[in-house]
Amino acid sequence: MLMRFAPIFVCLGALYAQQVAAPTPETVGSPRGQDSGGYNFTNSFELGYRWSLIGGDEDKYRSDVNYGNGVRLLGSSFTVNSKDGHGRYFDTILLNTQGLGNDPYESAVLRVEKNRLYRYDFHWRLNDYFNPALPISAGLHQMDTQRRWQDQDLTLLPQSPVEVHLGYSRNLQDGPALSSVQEFNSRGPVFPIFMGVRREWNEYRLGADVNLAGFKFTVLRRWDFFKDDSPYTGGTSTVLGAPTDPTVLQQFQRSEPYHGSNPGWLGNLFTSRKHWAMNARMTYNSGERDFILDETAIGTDILGPANHQITVGGNASRPVMAGDFSFSFFPTDRLTVVNSTSIYSGRTVGDSTYNEIDNATNLGVTVNFRYLGVRTVNNSTDVNYRVAKNLGVYAGYSYSARLIRTEEGFSLPDFPDSGEFDVYERNNHLNSFTAGVRYQPIQPLTINVEGEVGRANQPLTPFSDAHYHLLGGRVQYHAGKLQLGTYYHQLYNFGTPDTITVFSSRSRTFGANGSWSFNNRLTLDASYSKLHLDSLSGLAFFAGDPRSVLQTGFSSLFVSNIHSGSLMGRIALTPRADLFVGYNITLDTGDGRASAVPAGVTDPIAALLDSVQTYPLNYQSPLARLSIKITPKIRWNAGWELYLYHEEFGLLTYVQNYRAQTGYTSILWSF
């Protein structure tokens with residue numbers, strides 16, 4: 001099934017694989033390092049200054065790039081290795097950092113190892129996340145937060161038959177944000193409220209690997225703890241964009257602390273023999289949650305004073321189990337047969353009650369929830385056969401069955417048979433077939449063609465896998481210093497008609513890439529890809545003037561045509577000077593229209609829908625980097641990058657264009 005996502009992966013690779021100006025990938029110092037005592041040392045540090053000049057929409061720049069001014073430790077690398085592998089306290093130390101000193105993306109990686117005694121790994125990352133949220137919610141969901149991750153792992157007795165693992169991970173997010181609330185009914189206007197983000201996740205791990213008689217057994221015990229204590233508050237505010245609406249939110253406060261734990265187990269058993277191999281894996285988490293929400297909104301609506309209160313409370317157990325077993329059979333050198341069976345079972349069990357009360361009228365609504373269960377069973381068989389040395393074929397069949405069950409209801413403990421109990425179930429079965437051919441007509445050339453067809457009954461949602469097919473292929477040529485490649489993938493998914501709406505989507509991706517090392521002084525890399533995507537879906541919503549009514553006669557047709565290209569070159573100007581230049585461009589031509597609303601559309605609802613169905617834009621980023629070796633241990637570097645972002649027309653007439661130049665100068669040295 002992974003092949004079905006190939007168009008997405010190819011497009012993302014084309015968009016985000018571009019190089020950045022800093023840190024500098026060049027090296028200084030002797031690659032052999034220096035010896036001292038019984039150890040060998042290598043190190044390099046790149047200290048520099050970043051600058052930026054921004055014009056246009058600075059918020060959009062911050063959400064895309066976010067590099068600012070200031071001194072940075074752009075990158076560093078430090079290694080210590082025991083020369084004979086028998087150091088007194090350690091045999092290896094590795095330390096790599098990037099962007100330290102207020103870059104928006106910072107990281108540090110540390111490893112300390114003593115052969116056959118211990119190995120310690122530490123990973124730390126920081127990301128400044130900024131989202132103006134203007135196109136999707138008029139800024140009502142803006143975020144300016146910081147996220148910090150760390151992972152620590154200690155392995156005792158590595159490279160031995162029994163390895164013991166201990167670990168700890170932590171993820172923190174905090175900072176100011178905006179959210180929104182709809183008051184004072186389901187068709188009421190939306191108001192901004194302040195949100196102070198405070199989220200924290202911690203995980204503790206203890207496990208072991210055991211190698212015995214050709215089998216490797218892994219067991220891991222995990223304890224996860226999560227909490228979200230983000231408060232929501234709001235003062236006096238009127239309806240945004242609708243000055244004639246009399247609704248006013250005078251006071252708003254919401255508290256919804258959410259704390260939980262997820263203790264779990266992981267087990268894995270693996271072995272590989274001459275004619276067969278086996279792998280079995282199982283995970284189990286038993287999540288526990290206690291939650292409560294208390295919300296109060298006071299103000300004025302079209303009928304006069306309004307005072308609403310919402311309370312949600314309950315407890316929930318969320319056991320989740322997933323397991324798979326695969327058996328591989330190699331009867332001959334030409335034939336491989338793999339059969340895999342996997343199962344997933346997730347449940348939410350507990351009592352949850354939603355209460356909404358209008359304190360002015362003492363009227364309200366109550367909804368009770370008791371159970372949600374999802375169970376999926378999948379079995380697949382894949383056969384690979386090498387017909388000849390240069391020709392191979394493969395085929396596969398997969399079947400999956402999914403059951404979704406929900407229960408709603410309540411009961412009064414003191415009154416038998418009182419209350420209400422409703423059960424809803426949905427069954428879904430998916431059959432898929434895959435086939436492919438690998439052919440190598442000549443030694444440097446490889447051709448691969450593949451396809452998949454899937455059919456499902458009763459898809460869970462309109463955009464779930466229903467009636468789909470995928471076709472794809474790749475051609476690669478590699479001879480000496482020349483590498484060329486091209487590919488094509490298409491995925492069509494036609495949703496089954498539903499009582500509410502229908503859905504269909506089509507994507508086609510093709511591209512080419514190549515690299516050429518002309519000599520030791522010149523290297524070129526180029527790539528191009530195009531992704532076409534269109535999706536059609538029916539819509540059901542409330543709209544109208546002077547009174548909102550249910551609209552079912554409209555549909556949404558989203559069209560995107562993304563062209564992405566890059567050209568990179570590395571030139572050795574002199575034995576001491578290296579120049580790197582590059583150019584990246586991403587262009588979405590949409591459906592070719594010249595304006596957000598096509599000519600001739602007069603209906604206001606249709607005009608609004610048409611304006612959000614395609615987003616033509618142009619993103620370009622040329623860059624250059626010069627690196628000059630001053631001494632064998634010192635390099636001077638300078639880099640420049642230009643970001644040009646232009647939208648043909650934005651969502652709801654808001655255009656986020658910007659032009660930004662970023663650059664740096666640095667000294668890279670080894671000592």
# chains A, B, ... in the order shown; residues from 1 in each chain; ligands from 1
>>> residues_around(residues="segment 624-628 of chain A", least_positions_apart="3", cutoff="9 Å", atoms="only C-alpha atoms", output="list in words")
Ala21, Ala22, Thr24, Glu26, Arg576, Ala577, Asp578, Leu579, Phe580, Val581, Gly582, Tyr583, Ile634, Arg635, Trp636, Asn637, Ala638, Gly639, Trp640 and Glu641 of chain A
>>> residues_around(residues="Asp228 of chain A", least_positions_apart="2", cutoff="8 Å", atoms="only C-alpha atoms", output="PyMOL selection string")
chain A and resi 198-200+226+230+257-259
>>> atom_distance(atom1="atom CA of Gly538 of chain A", atom2="atom CA of Pro604 of chain A")
17.8 Å
>>> residues_around(residues="Phe215 of chain A", least_positions_apart="2", cutoff="6 Å", atoms="only C-alpha atoms", output="list in words")
Asn211, Leu212, Ala213, Phe270 and Thr271 of chain A
>>> residues_around(residues="Pro104 of chain A", least_positions_apart="4", cutoff="7 Å", atoms="only C-alpha atoms", output="list of chain:residue names")
A:Asn66, A:Tyr67, A:Asn127, A:Asp128
>>> write_last_selection(atoms="C-alpha atoms", output="CSV table (one decimal), in the first residue's frame")
chain,number,residue,atom,x,y,z
A,66,ASN,CA,12.0,32.7,9.9
A,67,TYR,CA,15.8,33.4,9.8
A,127,ASN,CA,11.8,24.8,16.7
A,128,ASP,CA,10.3,28.3,16.8
>>> residues_around(residues="Ser160 of chain A", least_positions_apart="6", cutoff="9 Å", atoms="only C-alpha atoms", output="list in words")
Arg116, Leu117, Val210 and Asn211 of chain A
>>> residues_around(residues="segment 548-554 of chain A", least_positions_apart="5", cutoff="8 Å", atoms="only C-alpha atoms", output="list in words")
Gly538, Leu539, Ala540, Phe541, Phe542, Ala543 and Ala606 of chain A
>>> atom_distance(atom1="atom CA of Phe191 of chain A", atom2="atom CA of Leu609 of chain A")
22.6 Å
>>> closest_residue(among="A:Leu372, A:Leu668, A:Ala277, A:Leu470", to="Pro319 of chain A", atoms="only C-alpha atoms")
A:Leu372
>>> select_by_dssp(residues="segment 318-541 of chain A", states="strand (DSSP E or B)", output="MDAnalysis selection string")
chainID A and resid 318:329 335:358 363:388 391:410 420:439 445:457 467:479 482:494 503:519 522:538 541
